[in-house]
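Contents: one structure, followed by commentary.
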Amino acid sequence: MNPRNGAGFSLVEVVVALLLLAVATAASSALLLQAAQAAREADHRERMLWAATGVADSLAGPMGGPGTGARRFQDGSRLEWEATAVGGQVRVLLAGEDSAWVVLPLARSAGAQGAAGAGGGGGP
């Protein structure tokens, strides 16, 4: 308050209040940007995990055979997989990271191995 007449605010008080408001607005904007980035990363990780489980299901099923493969995504992330007659793994490597974020092991059932090996030619 202005000590001279007792009504209104001084220019210094208004400037200080506006500066505090600007700092608070900048801080909240920074927090919102960080939250949006975290949400995008979480969404990407979820999509990569869904893709990895789809590959793992395909490899572990009766039609999945031994082999290796990889799939690269636009952002640089990739899925890599290897399957043998008894198992294997699917690795999820996120962009910018050297080590696997998730490794899904594959355990092939005896029924899946038998189905994959059956029907290879030869008649009755």
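In the structure tokens, chains take letters A, B, ... by order of appearance, with residues numbered from 1 within each chain and ligands from 1 in the order shown.
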
Just asking: which residues within chain A are strand (DSSP E) according to DSSP, as an mmCIF file with N, CA, C and O atoms, in the first residue's frame?
data_model
loop_
_atom_site.group_PDB
_atom_site.id
_atom_site.type_symbol
_atom_site.label_atom_id
_atom_site.label_comp_id
_atom_site.auth_asym_id
_atom_site.auth_seq_id
_atom_site.Cartn_x
_atom_site.Cartn_y
_atom_site.Cartn_z
ATOM 1 N N GLY A 67 15.047 -69.115 -35.706
ATOM 2 C CA GLY A 67 15.567 -68.040 -36.540
ATOM 3 C C GLY A 67 15.811 -66.788 -35.734
ATOM 4 O O GLY A 67 15.577 -66.741 -34.533
ATOM 5 N N THR A 68 16.302 -65.783 -36.434
ATOM 6 C CA THR A 68 16.554 -64.490 -35.809
ATOM 7 C C THR A 68 15.924 -63.413 -36.673
ATOM 8 O O THR A 68 15.615 -63.633 -37.838
ATOM 9 N N GLY A 69 15.736 -62.253 -36.078
ATOM 10 C CA GLY A 69 15.170 -61.140 -36.829
ATOM 11 C C GLY A 69 15.219 -59.867 -36.028
ATOM 12 O O GLY A 69 15.591 -59.864 -34.856
ATOM 13 N N ALA A 70 14.859 -58.787 -36.686
ATOM 14 C CA ALA A 70 14.858 -57.488 -36.025
ATOM 15 C C ALA A 70 13.861 -56.588 -36.733
ATOM 16 O O ALA A 70 13.536 -56.793 -37.901
ATOM 17 N N ARG A 71 13.376 -55.621 -35.998
ATOM 18 C CA ARG A 71 12.487 -54.605 -36.555
ATOM 19 C C ARG A 71 12.923 -53.261 -35.990
ATOM 20 O O ARG A 71 13.034 -53.096 -34.787
ATOM 21 N N ARG A 72 13.168 -52.298 -36.879
ATOM 22 C CA ARG A 72 13.587 -50.957 -36.467
ATOM 23 C C ARG A 72 12.403 -50.015 -36.625
ATOM 24 O O ARG A 72 11.660 -50.085 -37.596
ATOM 25 N N ARG A 78 14.331 -50.482 -31.520
ATOM 26 C CA ARG A 78 14.245 -51.708 -32.310
ATOM 27 C C ARG A 78 13.888 -52.906 -31.446
ATOM 28 O O ARG A 78 14.107 -52.904 -30.239
ATOM 29 N N LEU A 79 13.317 -53.899 -32.099
ATOM 30 C CA LEU A 79 13.062 -55.200 -31.508
ATOM 31 C C LEU A 79 14.023 -56.180 -32.160
ATOM 32 O O LEU A 79 14.213 -56.140 -33.378
ATOM 33 N N GLU A 80 14.621 -57.032 -31.368
ATOM 34 C CA GLU A 80 15.480 -58.089 -31.890
ATOM 35 C C GLU A 80 15.009 -59.392 -31.278
ATOM 36 O O GLU A 80 14.649 -59.432 -30.113
ATOM 37 N N TRP A 81 15.000 -60.447 -32.074
ATOM 38 C CA TRP A 81 14.571 -61.726 -31.528
ATOM 39 C C TRP A 81 15.399 -62.855 -32.110
ATOM 40 O O TRP A 81 15.968 -62.743 -33.182
ATOM 41 N N GLU A 82 15.465 -63.897 -31.317
ATOM 42 C CA GLU A 82 16.091 -65.132 -31.757
ATOM 43 C C GLU A 82 15.303 -66.279 -31.143
ATOM 44 O O GLU A 82 14.874 -66.207 -29.994
ATOM 45 N N ALA A 83 15.071 -67.286 -31.936
ATOM 46 C CA ALA A 83 14.321 -68.446 -31.473
ATOM 47 C C ALA A 83 15.063 -69.709 -31.879
ATOM 48 O O ALA A 83 15.606 -69.785 -32.978
ATOM 49 N N GLY A 87 13.686 -72.622 -27.216
ATOM 50 C CA GLY A 87 13.391 -71.344 -26.574
ATOM 51 C C GLY A 87 13.936 -70.183 -27.368
ATOM 52 O O GLY A 87 14.000 -70.228 -28.586
ATOM 53 N N GLY A 88 14.323 -69.146 -26.663
ATOM 54 C CA GLY A 88 14.861 -67.964 -27.313
ATOM 55 C C GLY A 88 14.518 -66.739 -26.493
ATOM 56 O O GLY A 88 14.160 -66.831 -25.315
ATOM 57 N N GLN A 89 14.573 -65.574 -27.148
ATOM 58 C CA GLN A 89 14.248 -64.349 -26.438
ATOM 59 C C GLN A 89 13.894 -63.246 -27.422
ATOM 60 O O GLN A 89 14.283 -63.287 -28.579
ATOM 61 N N VAL A 90 13.142 -62.273 -26.918
ATOM 62 C CA VAL A 90 12.834 -61.050 -27.658
ATOM 63 C C VAL A 90 13.374 -59.902 -26.822
ATOM 64 O O VAL A 90 13.065 -59.783 -25.645
ATOM 65 N N ARG A 91 14.204 -59.054 -27.440
ATOM 66 C CA ARG A 91 14.797 -57.913 -26.740
ATOM 67 C C ARG A 91 14.202 -56.622 -27.282
ATOM 68 O O ARG A 91 14.063 -56.442 -28.482
ATOM 69 N N VAL A 92 13.878 -55.700 -26.372
ATOM 70 C CA VAL A 92 13.388 -54.370 -26.729
ATOM 71 C C VAL A 92 14.497 -53.382 -26.415
ATOM 72 O O VAL A 92 14.905 -53.241 -25.268
ATOM 73 N N LEU A 93 15.003 -52.708 -27.442
ATOM 74 C CA LEU A 93 16.062 -51.709 -27.276
ATOM 75 C C LEU A 93 15.489 -50.354 -27.663
ATOM 76 O O LEU A 93 15.084 -50.153 -28.805
ATOM 77 N N VAL A 102 13.806 -54.357 -22.054
ATOM 78 C CA VAL A 102 13.058 -55.542 -21.645
ATOM 79 C C VAL A 102 13.587 -56.719 -22.450
ATOM 80 O O VAL A 102 13.855 -56.594 -23.637
ATOM 81 N N VAL A 103 13.724 -57.866 -21.798
ATOM 82 C CA VAL A 103 14.050 -59.117 -22.475
ATOM 83 C C VAL A 103 12.960 -60.111 -22.126
ATOM 84 O O VAL A 103 12.739 -60.417 -20.959
ATOM 85 N N LEU A 104 12.240 -60.568 -23.160
ATOM 86 C CA LEU A 104 11.178 -61.555 -22.950
ATOM 87 C C LEU A 104 11.714 -62.935 -23.322
ATOM 88 O O LEU A 104 12.054 -63.177 -24.481
ATOM 89 N N PRO A 105 11.805 -63.844 -22.369
ATOM 90 C CA PRO A 105 12.279 -65.191 -22.703
ATOM 91 C C PRO A 105 11.180 -65.984 -23.413
ATOM 92 O O PRO A 105 9.990 -65.776 -23.164
ATOM 93 N N LEU A 106 11.580 -66.863 -24.294
ATOM 94 C CA LEU A 106 10.642 -67.742 -24.987
ATOM 95 C C LEU A 106 10.850 -69.160 -24.491
ATOM 96 O O LEU A 106 11.965 -69.658 -24.482
ATOM 97 N N ALA A 107 9.784 -69.793 -24.093
ATOM 98 C CA ALA A 107 9.825 -71.206 -23.714
ATOM 99 C C ALA A 107 8.884 -71.932 -24.658
ATOM 100 O O ALA A 107 7.687 -71.695 -24.645
#

Those of stretch 30-106 of chain A in DSSP helix (DSSP H, G or I), formatted as a PyMOL selection string:
chain A and resi 30-60

Store the residues picked out above in a file with C-alpha atoms, as a compact mmCIF listing (two decimals), in the first residue's frame.
# COMPACT_ATOMS: atom_id res chain seq x y z
CA ALA A 30 8.22 -26.27 -17.51
CA LEU A 31 6.44 -28.85 -15.37
CA LEU A 32 3.77 -29.33 -18.04
CA LEU A 33 6.43 -29.86 -20.70
CA GLN A 34 8.17 -32.47 -18.55
CA ALA A 35 4.87 -34.23 -17.88
CA ALA A 36 4.06 -34.29 -21.60
CA GLN A 37 7.49 -35.76 -22.39
CA ALA A 38 7.05 -38.44 -19.71
CA ALA A 39 3.61 -39.31 -21.11
CA ARG A 40 5.03 -39.65 -24.65
CA GLU A 41 7.84 -41.89 -23.41
CA ALA A 42 5.42 -44.07 -21.46
CA ASP A 43 3.15 -44.40 -24.50
CA HIS A 44 6.11 -45.36 -26.70
CA ARG A 45 7.32 -47.95 -24.18
CA GLU A 46 3.84 -49.45 -24.00
CA ARG A 47 3.64 -49.73 -27.81
CA MET A 48 7.09 -51.34 -27.93
CA LEU A 49 6.09 -53.82 -25.25
CA TRP A 50 2.89 -54.74 -27.14
CA ALA A 51 4.93 -55.29 -30.31
CA ALA A 52 7.43 -57.44 -28.39
CA THR A 53 4.71 -59.61 -26.87
CA GLY A 54 3.20 -60.06 -30.34
CA VAL A 55 6.55 -61.27 -31.69
CA ALA A 56 7.03 -63.53 -28.66
CA ASP A 57 3.56 -65.05 -29.12
CA SER A 58 4.26 -65.67 -32.81
CA LEU A 59 7.60 -67.33 -32.12
CA ALA A 60 6.31 -69.48 -29.28

Given only C-alpha atoms as the counted atoms, nearest of A:Pro66, A:Leu11, A:Ser99, A:Leu18 to A:Ala85:
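Answer, going by the shortest atom-to-atom distance: A:Pro66.
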